[in-house]
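S.K.: Take this structure first; my questions come after.
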Amino acid sequence: MKLSANFHLDEFVTSQTAARRGIDNTPPAPVLIRLKNTAKGLEKVRAVLGKPILISSGYRSPALNKAVGGSATSDHMNGDAADFISPGFGTPIAICRAIVAAGIKFDQLIEEGTWVHISFGPRMRGQILTMRNGKYTAGLR
């Protein structure tokens with residue numbers, strides 16, 4: 001199922017952990033609507049980067065979120081978040097800086113060292129964080 005011009009549902013739901021542990025990661029209908037919104041936000045990111053985005057984690061069922069040690073309030077469970085890289089563009093910090101400079105609206109943007117987390121949840125706080133050694137600090141470092 002195509003969610004947007006460049007993103008398919010499979011990119012958001014495929015999980016090695018789910019496959020290995022036999023966890024059903026099929027999103028319910030209300031989550032599909034939110035995944036389309038997330039794909040729309042990622043289209044804006046892709047346009048700014050000018051390069052493809054590789055999603056490593058999109059939707060997570062509650063069971064999968066627990067299995068990967070995700071936050072109990074993770075936007076991944078609502079279909080509002082994605083973790084990604086764009087090797088053709090550059091490092092996660094360079095990606096985050098480009099997103100901020102472009103003025104793309106988001107709820108949360110986290111530079112996680114080896115990937116970027118972005119969410120497009122309804123709060124749209126524009127929160128920017130850096131995560132190192134399991135600790136979050138405000139802003140990009």
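To be explicit about the labels: the chains of the structure tokens are called A, B, and onward in the order shown, and within each one the residues are counted from 1, while ligands get numbers from 1 in the order they are shown.
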DSSP says strand (DSSP E or B) for which residues of stretch 67-100 of chain A? Put them as an MDAnalysis selection string?
M.R.: chainID A and resid 81:86 90
S.K.: For A:Asn6, work out the shell of residues within 9 Å, counting only C-alpha atoms and skipping chain neighbours fewer than 6 positions away, then give it as a VMD selection string.
M.R.: chain A and resid 39 43 46 52
S.K.: Using C-alpha atoms, can you write the selected residues to a file as a PDB file, in the first residue's frame?
M.R.:
ATOM      1  CA  ALA A  39       4.711   9.834   5.247  1.00  0.00           C
ATOM      2  CA  GLU A  43       8.084  13.708   1.917  1.00  0.00           C
ATOM      3  CA  ARG A  46      13.050  13.996   1.522  1.00  0.00           C
ATOM      4  CA  PRO A  52      16.104   8.884  -0.412  1.00  0.00           C
TER       5      PRO A  52
END
S.K.: Any idea what's packed within 7 Å of stretch 77-91 of chain A, counting only C-alpha atoms, ignoring anything in its chain fewer than 3 positions away? Could you give it as a list in words?
M.R.: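 That gives Val31, Arg34, Leu35, Thr38, Leu49, Lys51, Pro52, Ile53, Leu54, Ile55, Ser56, Ser57, Gly58, Tyr59, Arg60, Ser61, Pro62, Ser74, Ala94, Ile95, Trp115, Val116, His117, Ile118, Ser119, Phe120 and Gly121 of chain A.
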S.K.: Generate the output file for the selected residues, N, CA, C and O atoms, as an mmCIF file, in the first residue's frame.
M.R.:
data_model
loop_
_atom_site.group_PDB
_atom_site.id
_atom_site.type_symbol
_atom_site.label_atom_id
_atom_site.label_comp_id
_atom_site.auth_asym_id
_atom_site.auth_seq_id
_atom_site.Cartn_x
_atom_site.Cartn_y
_atom_site.Cartn_z
ATOM 1 N N VAL A 31 -4.533 3.940 12.771
ATOM 2 C CA VAL A 31 -3.095 4.193 12.677
ATOM 3 C C VAL A 31 -2.684 4.431 11.224
ATOM 4 O O VAL A 31 -1.788 5.229 10.946
ATOM 5 N N ARG A 34 -2.769 8.012 10.398
ATOM 6 C CA ARG A 34 -1.639 8.740 10.990
ATOM 7 C C ARG A 34 -0.335 8.419 10.263
ATOM 8 O O ARG A 34 0.534 9.288 10.112
ATOM 9 N N LEU A 35 -0.201 7.183 9.790
ATOM 10 C CA LEU A 35 0.987 6.826 9.011
ATOM 11 C C LEU A 35 1.045 7.630 7.713
ATOM 12 O O LEU A 35 2.124 8.031 7.267
ATOM 13 N N THR A 38 2.450 10.902 8.613
ATOM 14 C CA THR A 38 3.886 10.790 8.838
ATOM 15 C C THR A 38 4.628 10.703 7.507
ATOM 16 O O THR A 38 5.657 11.359 7.316
ATOM 17 N N LEU A 49 16.254 17.145 1.679
ATOM 18 C CA LEU A 49 17.511 16.404 1.587
ATOM 19 C C LEU A 49 17.906 16.127 0.139
ATOM 20 O O LEU A 49 19.092 16.022 -0.174
ATOM 21 N N LYS A 51 17.539 13.416 -1.340
ATOM 22 C CA LYS A 51 18.030 12.034 -1.384
ATOM 23 C C LYS A 51 17.004 11.123 -0.715
ATOM 24 O O LYS A 51 16.219 11.550 0.127
ATOM 25 N N PRO A 52 17.026 9.825 -1.058
ATOM 26 C CA PRO A 52 16.104 8.884 -0.412
ATOM 27 C C PRO A 52 16.337 8.769 1.093
ATOM 28 O O PRO A 52 17.429 9.027 1.598
ATOM 29 N N ILE A 53 15.274 8.379 1.766
ATOM 30 C CA ILE A 53 15.277 8.138 3.211
ATOM 31 C C ILE A 53 15.075 6.645 3.436
ATOM 32 O O ILE A 53 14.208 6.034 2.808
ATOM 33 N N LEU A 54 15.852 6.071 4.342
ATOM 34 C CA LEU A 54 15.707 4.661 4.701
ATOM 35 C C LEU A 54 15.138 4.576 6.112
ATOM 36 O O LEU A 54 15.796 4.981 7.076
ATOM 37 N N ILE A 55 13.927 4.071 6.230
ATOM 38 C CA ILE A 55 13.247 3.979 7.516
ATOM 39 C C ILE A 55 13.685 2.697 8.224
ATOM 40 O O ILE A 55 13.568 1.607 7.674
ATOM 41 N N SER A 56 14.169 2.843 9.446
ATOM 42 C CA SER A 56 14.568 1.670 10.232
ATOM 43 C C SER A 56 13.486 1.273 11.229
ATOM 44 O O SER A 56 13.427 0.125 11.655
ATOM 45 N N SER A 57 12.642 2.220 11.611
ATOM 46 C CA SER A 57 11.543 1.926 12.528
ATOM 47 C C SER A 57 10.431 2.938 12.295
ATOM 48 O O SER A 57 10.659 4.144 12.367
ATOM 49 N N GLY A 58 9.259 2.424 12.000
ATOM 50 C CA GLY A 58 8.086 3.278 11.811
ATOM 51 C C GLY A 58 7.049 2.892 12.843
ATOM 52 O O GLY A 58 7.249 3.066 14.042
ATOM 53 N N TYR A 59 5.945 2.304 12.369
ATOM 54 C CA TYR A 59 4.906 1.858 13.300
ATOM 55 C C TYR A 59 5.422 0.693 14.133
ATOM 56 O O TYR A 59 6.100 -0.200 13.632
ATOM 57 N N ARG A 60 5.078 0.735 15.432
ATOM 58 C CA ARG A 60 5.354 -0.389 16.332
ATOM 59 C C ARG A 60 4.082 -0.717 17.086
ATOM 60 O O ARG A 60 3.534 0.141 17.783
ATOM 61 N N SER A 61 3.643 -1.950 16.959
ATOM 62 C CA SER A 61 2.526 -2.391 17.785
ATOM 63 C C SER A 61 2.980 -2.297 19.242
ATOM 64 O O SER A 61 4.188 -2.287 19.522
ATOM 65 N N PRO A 62 2.044 -2.239 20.192
ATOM 66 C CA PRO A 62 2.465 -2.196 21.599
ATOM 67 C C PRO A 62 3.400 -3.352 21.981
ATOM 68 O O PRO A 62 4.372 -3.139 22.704
ATOM 69 N N SER A 74 5.541 6.055 23.376
ATOM 70 C CA SER A 74 6.169 6.269 22.073
ATOM 71 C C SER A 74 5.167 6.626 20.978
ATOM 72 O O SER A 74 4.140 5.968 20.811
ATOM 73 N N ALA A 94 23.742 16.253 10.346
ATOM 74 C CA ALA A 94 23.560 17.083 9.149
ATOM 75 C C ALA A 94 22.094 17.050 8.693
ATOM 76 O O ALA A 94 21.551 18.082 8.288
ATOM 77 N N ILE A 95 21.470 15.892 8.793
ATOM 78 C CA ILE A 95 20.056 15.759 8.433
ATOM 79 C C ILE A 95 19.204 16.630 9.349
ATOM 80 O O ILE A 95 18.341 17.391 8.892
ATOM 81 N N TRP A 115 21.089 7.547 13.864
ATOM 82 C CA TRP A 115 19.847 7.742 13.118
ATOM 83 C C TRP A 115 19.136 8.976 13.620
ATOM 84 O O TRP A 115 19.504 9.562 14.628
ATOM 85 N N VAL A 116 18.068 9.332 12.896
ATOM 86 C CA VAL A 116 17.223 10.470 13.245
ATOM 87 C C VAL A 116 15.839 9.948 13.605
ATOM 88 O O VAL A 116 15.290 9.090 12.912
ATOM 89 N N HIS A 117 15.276 10.477 14.676
ATOM 90 C CA HIS A 117 13.886 10.204 15.043
ATOM 91 C C HIS A 117 13.111 11.492 14.758
ATOM 92 O O HIS A 117 13.529 12.572 15.181
ATOM 93 N N ILE A 118 11.995 11.352 14.048
ATOM 94 C CA ILE A 118 11.124 12.502 13.830
ATOM 95 C C ILE A 118 9.692 12.060 14.049
ATOM 96 O O ILE A 118 9.318 10.944 13.701
ATOM 97 N N SER A 119 8.912 12.914 14.689
ATOM 98 C CA SER A 119 7.491 12.599 14.864
ATOM 99 C C SER A 119 6.662 13.789 14.409
ATOM 100 O O SER A 119 7.083 14.942 14.491
ATOM 101 N N PHE A 120 5.483 13.446 13.933
ATOM 102 C CA PHE A 120 4.537 14.433 13.438
ATOM 103 C C PHE A 120 3.208 14.289 14.188
ATOM 104 O O PHE A 120 2.144 14.396 13.603
ATOM 105 N N GLY A 121 3.297 14.011 15.485
ATOM 106 C CA GLY A 121 2.107 13.857 16.323
ATOM 107 C C GLY A 121 1.331 15.151 16.437
ATOM 108 O O GLY A 121 1.818 16.222 16.053
#
S.K.: My list of candidates is A:Asn37, A:Thr130, A:Gln16, A:Gln108. Which is closest to A:Ile93 when distances are computed with only C-alpha atoms?
M.R.: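 Counting only C-alpha atoms, the residue closest to A:Ile93 is A:Thr130.
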S.K.: Quick one: pull the distance between atom CA of A:Lys44 and atom CA of A:Thr17, Å, one decimal.
M.R.: 28.6 Å
S.K.: Which residue gives the smallest distance to A:Lys40 among A:Ser71, A:Ser15, A:Ser4, A:Thr114, with only C-alpha atoms counted?
M.R.: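 Comparing A:Ser71, A:Ser15, A:Ser4, A:Thr114 against A:Lys40, the winner is A:Ser4.
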